[in-house]
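Okay, query14.cif is below, mmCIF, C-alpha atoms:
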data_run
loop_
_atom_site.group_PDB
_atom_site.id
_atom_site.type_symbol
_atom_site.label_atom_id
_atom_site.label_comp_id
_atom_site.auth_asym_id
_atom_site.auth_seq_id
_atom_site.Cartn_x
_atom_site.Cartn_y
_atom_site.Cartn_z
ATOM 1 C CA MET A 1 35.845 -53.066 27.066
ATOM 2 C CA SER A 2 35.565 -54.804 23.713
ATOM 3 C CA PRO A 3 34.201 -58.339 23.267
ATOM 4 C CA SER A 4 37.674 -59.629 22.422
ATOM 5 C CA SER A 5 39.082 -58.422 25.752
ATOM 6 C CA ARG A 6 36.374 -59.923 27.948
ATOM 7 C CA THR A 7 37.006 -63.110 29.919
ATOM 8 C CA ASP A 8 33.346 -64.058 30.531
ATOM 9 C CA PRO A 9 31.690 -66.355 27.963
ATOM 10 C CA LEU A 10 29.514 -65.110 25.130
ATOM 11 C CA PRO A 11 25.793 -64.937 25.876
ATOM 12 C CA GLN A 12 23.993 -68.154 24.906
ATOM 13 C CA GLN A 13 22.275 -66.424 21.989
ATOM 14 C CA ALA A 14 25.617 -65.293 20.608
ATOM 15 C CA GLU A 15 26.975 -68.826 20.957
ATOM 16 C CA ASN A 16 24.128 -70.129 18.844
ATOM 17 C CA GLN A 17 24.422 -67.485 16.114
ATOM 18 C CA ASP A 18 27.126 -65.856 14.082
ATOM 19 C CA THR A 19 28.652 -63.255 16.437
ATOM 20 C CA ARG A 20 28.779 -60.573 13.790
ATOM 21 C CA SER A 21 25.114 -61.045 12.876
ATOM 22 C CA VAL A 22 24.023 -60.454 16.480
ATOM 23 C CA ARG A 23 26.094 -57.294 16.664
ATOM 24 C CA GLN A 24 24.778 -56.163 13.297
ATOM 25 C CA ARG A 25 21.175 -56.658 14.388
ATOM 26 C CA ILE A 26 21.823 -54.389 17.348
ATOM 27 C CA VAL A 27 23.483 -51.718 15.194
ATOM 28 C CA ASP A 28 20.686 -51.892 12.606
ATOM 29 C CA ALA A 29 18.055 -51.471 15.330
ATOM 30 C CA ALA A 30 19.955 -48.554 16.866
ATOM 31 C CA LEU A 31 20.271 -46.910 13.471
ATOM 32 C CA GLU A 32 16.561 -47.247 12.774
ATOM 33 C CA LEU A 33 15.607 -45.820 16.170
ATOM 34 C CA ALA A 34 18.136 -42.996 15.953
ATOM 35 C CA GLN A 35 16.612 -41.857 12.663
ATOM 36 C CA THR A 36 13.004 -42.139 13.842
ATOM 37 C CA ILE A 37 13.023 -41.059 17.493
ATOM 38 C CA GLY A 38 16.433 -39.392 17.769
ATOM 39 C CA VAL A 39 19.615 -40.235 19.624
ATOM 40 C CA GLN A 40 18.368 -38.668 22.863
ATOM 41 C CA ALA A 41 15.589 -41.257 23.144
ATOM 42 C CA MET A 42 17.779 -44.159 22.050
ATOM 43 C CA SER A 43 18.179 -46.091 25.288
ATOM 44 C CA GLN A 44 19.969 -49.428 25.517
ATOM 45 C CA ALA A 45 16.744 -51.112 26.672
ATOM 46 C CA ARG A 46 14.778 -49.748 23.721
ATOM 47 C CA VAL A 47 17.444 -50.793 21.227
ATOM 48 C CA ALA A 48 17.639 -54.285 22.747
ATOM 49 C CA THR A 49 13.883 -54.677 22.374
ATOM 50 C CA ALA A 50 13.972 -53.475 18.770
ATOM 51 C CA ALA A 51 16.839 -55.871 17.977
ATOM 52 C CA GLY A 52 15.088 -58.793 19.648
ATOM 53 C CA VAL A 53 17.899 -59.469 22.106
ATOM 54 C CA ARG A 54 18.244 -59.320 25.866
ATOM 55 C CA GLN A 55 19.757 -56.131 27.259
ATOM 56 C CA SER A 56 22.596 -58.189 28.739
ATOM 57 C CA HIS A 57 23.443 -59.343 25.218
ATOM 58 C CA LEU A 58 23.470 -55.766 23.974
ATOM 59 C CA THR A 59 25.748 -54.572 26.750
ATOM 60 C CA TYR A 60 28.197 -57.379 25.923
ATOM 61 C CA TYR A 61 28.881 -55.661 22.596
ATOM 62 C CA PHE A 62 28.131 -52.098 23.695
ATOM 63 C CA PRO A 63 28.771 -51.711 27.437
ATOM 64 C CA THR A 64 27.558 -48.092 27.525
ATOM 65 C CA ARG A 65 25.064 -45.947 25.666
ATOM 66 C CA VAL A 66 27.970 -43.886 24.337
ATOM 67 C CA ASP A 67 29.456 -47.024 22.736
ATOM 68 C CA LEU A 68 26.121 -47.646 21.055
ATOM 69 C CA ILE A 69 25.906 -44.068 19.758
ATOM 70 C CA LYS A 70 29.413 -44.283 18.300
ATOM 71 C CA ALA A 71 28.569 -47.524 16.511
ATOM 72 C CA THR A 72 25.448 -45.912 15.070
ATOM 73 C CA VAL A 73 27.379 -42.963 13.670
ATOM 74 C CA HIS A 74 29.968 -45.296 12.166
ATOM 75 C CA ALA A 75 27.168 -47.317 10.559
ATOM 76 C CA ILE A 76 25.841 -44.219 8.762
ATOM 77 C CA SER A 77 29.333 -43.302 7.568
ATOM 78 C CA ASP A 78 30.021 -46.838 6.371
ATOM 79 C CA GLN A 79 26.747 -46.924 4.434
ATOM 80 C CA MET A 80 27.608 -43.699 2.627
ATOM 81 C CA LEU A 81 31.146 -44.841 1.798
ATOM 82 C CA GLU A 82 29.913 -48.202 0.533
ATOM 83 C CA ALA A 83 27.330 -46.468 -1.671
ATOM 84 C CA THR A 84 30.006 -44.120 -3.005
ATOM 85 C CA ASN A 85 32.432 -46.939 -3.730
ATOM 86 C CA ALA A 86 29.656 -48.757 -5.582
ATOM 87 C CA THR A 87 29.157 -45.589 -7.618
ATOM 88 C CA LEU A 88 32.850 -45.526 -8.534
ATOM 89 C CA LEU A 89 32.674 -49.128 -9.702
ATOM 90 C CA LEU A 90 30.206 -48.000 -12.367
ATOM 91 C CA ASN A 91 33.161 -46.401 -14.099
ATOM 92 C CA GLY A 92 34.175 -49.832 -15.250
ATOM 93 C CA GLN A 93 30.866 -49.978 -17.128
ATOM 94 C CA GLY A 94 31.611 -46.855 -19.132
ATOM 95 C CA SER A 95 30.077 -44.245 -16.841
ATOM 96 C CA ASP A 96 31.716 -41.012 -15.715
ATOM 97 C CA PRO A 97 32.800 -41.390 -12.039
ATOM 98 C CA VAL A 98 32.771 -37.628 -11.427
ATOM 99 C CA ALA A 99 29.242 -37.278 -12.806
ATOM 100 C CA GLU A 100 28.104 -40.257 -10.757
ATOM 101 C CA LEU A 101 29.631 -38.774 -7.599
ATOM 102 C CA ARG A 102 27.879 -35.488 -8.288
ATOM 103 C CA ASN A 103 24.540 -37.254 -8.625
ATOM 104 C CA PHE A 104 25.167 -39.162 -5.407
ATOM 105 C CA SER A 105 26.123 -35.975 -3.523
ATOM 106 C CA VAL A 106 23.027 -34.104 -4.698
ATOM 107 C CA GLN A 107 20.750 -36.982 -3.725
ATOM 108 C CA GLU A 108 22.363 -37.700 -0.356
ATOM 109 C CA VAL A 109 22.310 -34.058 0.794
ATOM 110 C CA CYS A 110 18.519 -34.368 1.000
ATOM 111 C CA ASN A 111 18.594 -37.488 3.184
ATOM 112 C CA ILE A 112 16.613 -35.921 6.020
ATOM 113 C CA PRO A 113 16.797 -38.899 8.451
ATOM 114 C CA HIS A 114 20.596 -38.815 8.227
ATOM 115 C CA ALA A 115 20.647 -35.057 8.759
ATOM 116 C CA ARG A 116 18.413 -35.282 11.804
ATOM 117 C CA LEU A 117 20.578 -38.062 13.207
ATOM 118 C CA PHE A 118 23.685 -35.900 13.068
ATOM 119 C CA LEU A 119 21.771 -32.958 14.536
ATOM 120 C CA SER A 120 20.731 -35.097 17.477
ATOM 121 C CA MET A 121 24.345 -36.247 17.812
ATOM 122 C CA MET A 122 25.357 -32.642 18.465
ATOM 123 C CA VAL A 123 22.743 -32.423 21.194
ATOM 124 C CA ALA A 124 23.886 -35.737 22.656
ATOM 125 C CA ALA A 125 27.464 -34.446 22.761
ATOM 126 C CA GLU A 126 26.308 -31.631 25.023
ATOM 127 C CA GLU A 127 24.872 -34.214 27.398
ATOM 128 C CA GLU A 128 27.780 -36.667 27.027
ATOM 129 C CA PRO A 129 31.042 -34.640 27.146
ATOM 130 C CA SER A 130 33.095 -37.711 26.237
ATOM 131 C CA LEU A 131 31.474 -37.635 22.799
ATOM 132 C CA ARG A 132 32.837 -34.198 21.895
ATOM 133 C CA GLU A 133 36.453 -35.153 21.291
ATOM 134 C CA TRP A 134 35.371 -38.411 19.681
ATOM 135 C CA LEU A 135 33.116 -36.545 17.233
ATOM 136 C CA TYR A 136 35.974 -34.263 16.240
ATOM 137 C CA ASP A 137 38.280 -37.220 15.628
ATOM 138 C CA PHE A 138 35.524 -39.016 13.720
ATOM 139 C CA GLU A 139 34.992 -35.994 11.474
ATOM 140 C CA GLN A 140 38.717 -35.759 10.704
ATOM 141 C CA GLU A 141 38.835 -39.458 9.893
ATOM 142 C CA SER A 142 35.791 -39.103 7.643
ATOM 143 C CA ILE A 143 37.355 -36.208 5.752
ATOM 144 C CA ASP A 144 40.456 -38.326 5.106
ATOM 145 C CA GLN A 145 38.265 -41.143 3.798
ATOM 146 C CA TRP A 146 36.326 -38.844 1.481
ATOM 147 C CA LEU A 147 39.559 -37.307 0.257
ATOM 148 C CA GLY A 148 40.598 -40.786 -0.824
ATOM 149 C CA VAL A 149 37.264 -41.355 -2.553
ATOM 150 C CA TYR A 150 37.476 -38.191 -4.620
ATOM 151 C CA ARG A 151 41.076 -38.813 -5.559
ATOM 152 C CA MET A 152 40.053 -42.300 -6.659
ATOM 153 C CA ALA A 153 37.578 -40.614 -8.995
ATOM 154 C CA GLY A 154 40.481 -38.748 -10.580
ATOM 155 C CA LEU A 155 40.099 -35.433 -8.759
ATOM 156 C CA ASP A 156 43.432 -33.966 -7.634
ATOM 157 C CA ILE A 157 42.239 -32.045 -4.581
ATOM 158 C CA SER A 158 43.833 -30.986 -1.323
ATOM 159 C CA ARG A 159 42.578 -31.668 2.184
ATOM 160 C CA ASP A 160 41.631 -27.992 2.485
ATOM 161 C CA ASP A 161 39.493 -28.368 -0.640
ATOM 162 C CA ILE A 162 37.607 -31.336 0.743
ATOM 163 C CA GLU A 163 37.178 -29.676 4.161
ATOM 164 C CA LEU A 164 35.614 -26.623 2.521
ATOM 165 C CA PHE A 165 33.342 -28.819 0.436
ATOM 166 C CA HIS A 166 32.449 -30.870 3.516
ATOM 167 C CA ALA A 167 31.529 -27.757 5.523
ATOM 168 C CA THR A 168 29.337 -26.448 2.702
ATOM 169 C CA TYR A 169 27.737 -29.846 2.250
ATOM 170 C CA VAL A 170 26.922 -30.223 5.951
ATOM 171 C CA GLY A 171 25.454 -26.720 5.987
ATOM 172 C CA ALA A 172 23.237 -27.531 2.987
ATOM 173 C CA THR A 173 22.115 -30.750 4.674
ATOM 174 C CA LEU A 174 21.114 -28.912 7.848
ATOM 175 C CA LEU A 175 19.251 -26.276 5.856
ATOM 176 C CA CYS A 176 17.308 -29.063 4.203
ATOM 177 C CA ALA A 177 16.522 -30.728 7.526
ATOM 178 C CA GLN A 178 15.190 -27.516 9.087
ATOM 179 C CA THR A 179 11.821 -27.772 7.384
ATOM 180 C CA GLY A 180 11.975 -30.692 4.988
ATOM 181 C CA THR A 181 9.858 -28.773 2.508
ATOM 182 C CA GLU A 182 10.195 -29.200 -1.239
ATOM 183 C CA ALA A 183 11.711 -25.719 -1.466
ATOM 184 C CA ALA A 184 14.298 -26.599 1.211
ATOM 185 C CA ILE A 185 15.165 -29.843 -0.569
ATOM 186 C CA GLN A 186 15.641 -28.092 -3.899
ATOM 187 C CA ARG A 187 17.801 -25.407 -2.278
ATOM 188 C CA ALA A 188 20.024 -27.986 -0.579
ATOM 189 C CA ALA A 189 20.407 -29.929 -3.834
ATOM 190 C CA ARG A 190 21.334 -26.756 -5.714
ATOM 191 C CA LEU A 191 23.938 -25.760 -3.117
ATOM 192 C CA ALA A 192 25.432 -29.255 -3.021
ATOM 193 C CA GLY A 193 25.688 -29.312 -6.807
ATOM 194 C CA LEU A 194 27.231 -25.850 -6.890
ATOM 195 C CA ALA A 195 29.809 -26.775 -4.228
ATOM 196 C CA PHE A 196 30.671 -29.992 -6.055
ATOM 197 C CA ASP A 197 31.074 -28.199 -9.395
ATOM 198 C CA ARG A 198 33.439 -25.653 -7.838
ATOM 199 C CA LEU A 199 35.445 -28.468 -6.266
ATOM 200 C CA VAL A 200 35.774 -30.171 -9.649
ATOM 201 C CA ASN A 201 36.614 -26.930 -11.472
ATOM 202 C CA LYS A 202 39.411 -26.207 -9.004
ATOM 203 C CA ALA A 203 40.745 -29.751 -9.319
ATOM 204 C CA GLN A 204 40.695 -29.616 -13.096
ATOM 205 C CA GLY A 205 41.647 -25.944 -13.311
#
Encoded form (structure tokens):
Amino acid sequence: MSPSSRTDPLPQQAENQDTRSVRQRIVDAALELAQTIGVQAMSQARVATAAGVRQSHLTYYFPTRVDLIKATVHAISDQMLEATNATLLLNGQGSDPVAELRNFSVQEVCNIPHARLFLSMMVAAEEEPSLREWLYDFEQESIDQWLGVYRMAGLDISRDDIELFHATYVGATLLCAQTGTEAAIQRAARLAGLAFDRLVNKAQG
């Protein structure tokens, strides 16, 4: 049940603060914990403590642990899209949007905390069957969003193209997260750059 559909009043803390800021504090705390201790250990009580709110306040916004996990995954995705959109805005300052996107992709593929978060999400989905279908839908939605981003950069690519790139990119990210060594990071960056270059060559071919 979402906050807008509830009939009980907001918790006192939420009444005294901007509603969005309270929710954002909870999401930020969940995100931090998910990347440091993993999704499996991310309990509602632990997140509430980290956010500095009562657990009853947390469950107002996120009634179940699954709701909290979903919000955490969306937060990661939103951060990446915002960073990418900021990169595209550099084009107005005379930079090359495709080159900037390549640099962003190569750097982000080595974001080990993000990679470990998504790995733990796969494990959580085994424990929470309701997450499986949601994860599939989330991935499809994300691919559509990234397709829009790359087209905005002037790349005329198909959905199949972006799905292939996405699969390669995720694989490179997981390879990097396996050990986190300098060699693994360099390999992941090389593979991400290679996949991006082939995507661009096909689009411009």
Report as a tab-separated table the residues of segment 57-141 of chain A within 9 Å of segment 25-38 of chain A, each with its shortest atom pair and distance in Å (one decimal), using only C-alpha atoms, ordered by chain and increasing residue number.
residue	atom	partner	partner_atom	distance
A:Leu58	CA	A:Ile26	CA	7.0
A:Tyr61	CA	A:Ile26	CA	8.9
A:Leu68	CA	A:Ala30	CA	7.5
A:Ile69	CA	A:Ala30	CA	8.0
A:Ala71	CA	A:Val27	CA	6.7
A:Thr72	CA	A:Leu31	CA	5.5
A:Val73	CA	A:Leu31	CA	8.1
A:Ala75	CA	A:Val27	CA	7.4
A:Ile76	CA	A:Leu31	CA	7.8
A:Ile112	CA	A:Gln35	CA	8.9
A:Pro113	CA	A:Gln35	CA	5.2
A:His114	CA	A:Gln35	CA	6.7
A:Ala115	CA	A:Gln35	CA	8.8
A:Arg116	CA	A:Gln35	CA	6.9
A:Leu117	CA	A:Gln35	CA	5.5
A:Leu119	CA	A:Gly38	CA	9.0
A:Ser120	CA	A:Gly38	CA	6.1
A:Met121	CA	A:Gly38	CA	8.5
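Between Val98 of chain A and the candidates A:Lys70, A:His166, A:Arg151, A:Arg65, the tightest atom-to-atom separation, counting all atoms listed in the file, involves A:Arg151.
Distances to Val149 of chain A were evaluated for A:Glu82, A:Asp197, A:Glu126, A:Asp96 using all atoms listed in the file, and the minimum falls at A:Glu82.
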Shell around segment 189-191 of chain A at 12 Å using only C-alpha atoms, local window under 4 positions removed, as a ChimeraX atom specification | /A:102-111,165-176,182-185,195-198
Write a file of the selected residues as an mmCIF file, keeping the file's coordinate frame, keeping C-alpha atoms.
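Writing the result to again-v3.cif gives the following:
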data_model
loop_
_atom_site.group_PDB
_atom_site.id
_atom_site.type_symbol
_atom_site.label_atom_id
_atom_site.label_comp_id
_atom_site.auth_asym_id
_atom_site.auth_seq_id
_atom_site.Cartn_x
_atom_site.Cartn_y
_atom_site.Cartn_z
ATOM 1 C CA ARG A 102 27.879 -35.488 -8.288
ATOM 2 C CA ASN A 103 24.540 -37.254 -8.625
ATOM 3 C CA PHE A 104 25.167 -39.162 -5.407
ATOM 4 C CA SER A 105 26.123 -35.975 -3.523
ATOM 5 C CA VAL A 106 23.027 -34.104 -4.698
ATOM 6 C CA GLN A 107 20.750 -36.982 -3.725
ATOM 7 C CA GLU A 108 22.363 -37.700 -0.356
ATOM 8 C CA VAL A 109 22.310 -34.058 0.794
ATOM 9 C CA CYS A 110 18.519 -34.368 1.000
ATOM 10 C CA ASN A 111 18.594 -37.488 3.184
ATOM 11 C CA PHE A 165 33.342 -28.819 0.436
ATOM 12 C CA HIS A 166 32.449 -30.870 3.516
ATOM 13 C CA ALA A 167 31.529 -27.757 5.523
ATOM 14 C CA THR A 168 29.337 -26.448 2.702
ATOM 15 C CA TYR A 169 27.737 -29.846 2.250
ATOM 16 C CA VAL A 170 26.922 -30.223 5.951
ATOM 17 C CA GLY A 171 25.454 -26.720 5.987
ATOM 18 C CA ALA A 172 23.237 -27.531 2.987
ATOM 19 C CA THR A 173 22.115 -30.750 4.674
ATOM 20 C CA LEU A 174 21.114 -28.912 7.848
ATOM 21 C CA LEU A 175 19.251 -26.276 5.856
ATOM 22 C CA CYS A 176 17.308 -29.063 4.203
ATOM 23 C CA GLU A 182 10.195 -29.200 -1.239
ATOM 24 C CA ALA A 183 11.711 -25.719 -1.466
ATOM 25 C CA ALA A 184 14.298 -26.599 1.211
ATOM 26 C CA ILE A 185 15.165 -29.843 -0.569
ATOM 27 C CA ALA A 195 29.809 -26.775 -4.228
ATOM 28 C CA PHE A 196 30.671 -29.992 -6.055
ATOM 29 C CA ASP A 197 31.074 -28.199 -9.395
ATOM 30 C CA ARG A 198 33.439 -25.653 -7.838
#
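Take the candidates A:Gly52, A:Ala153, A:Gln145, A:Leu135 and check each one against Ser95 of chain A using all atoms listed in the file; the shortest distance goes to A:Ala153.
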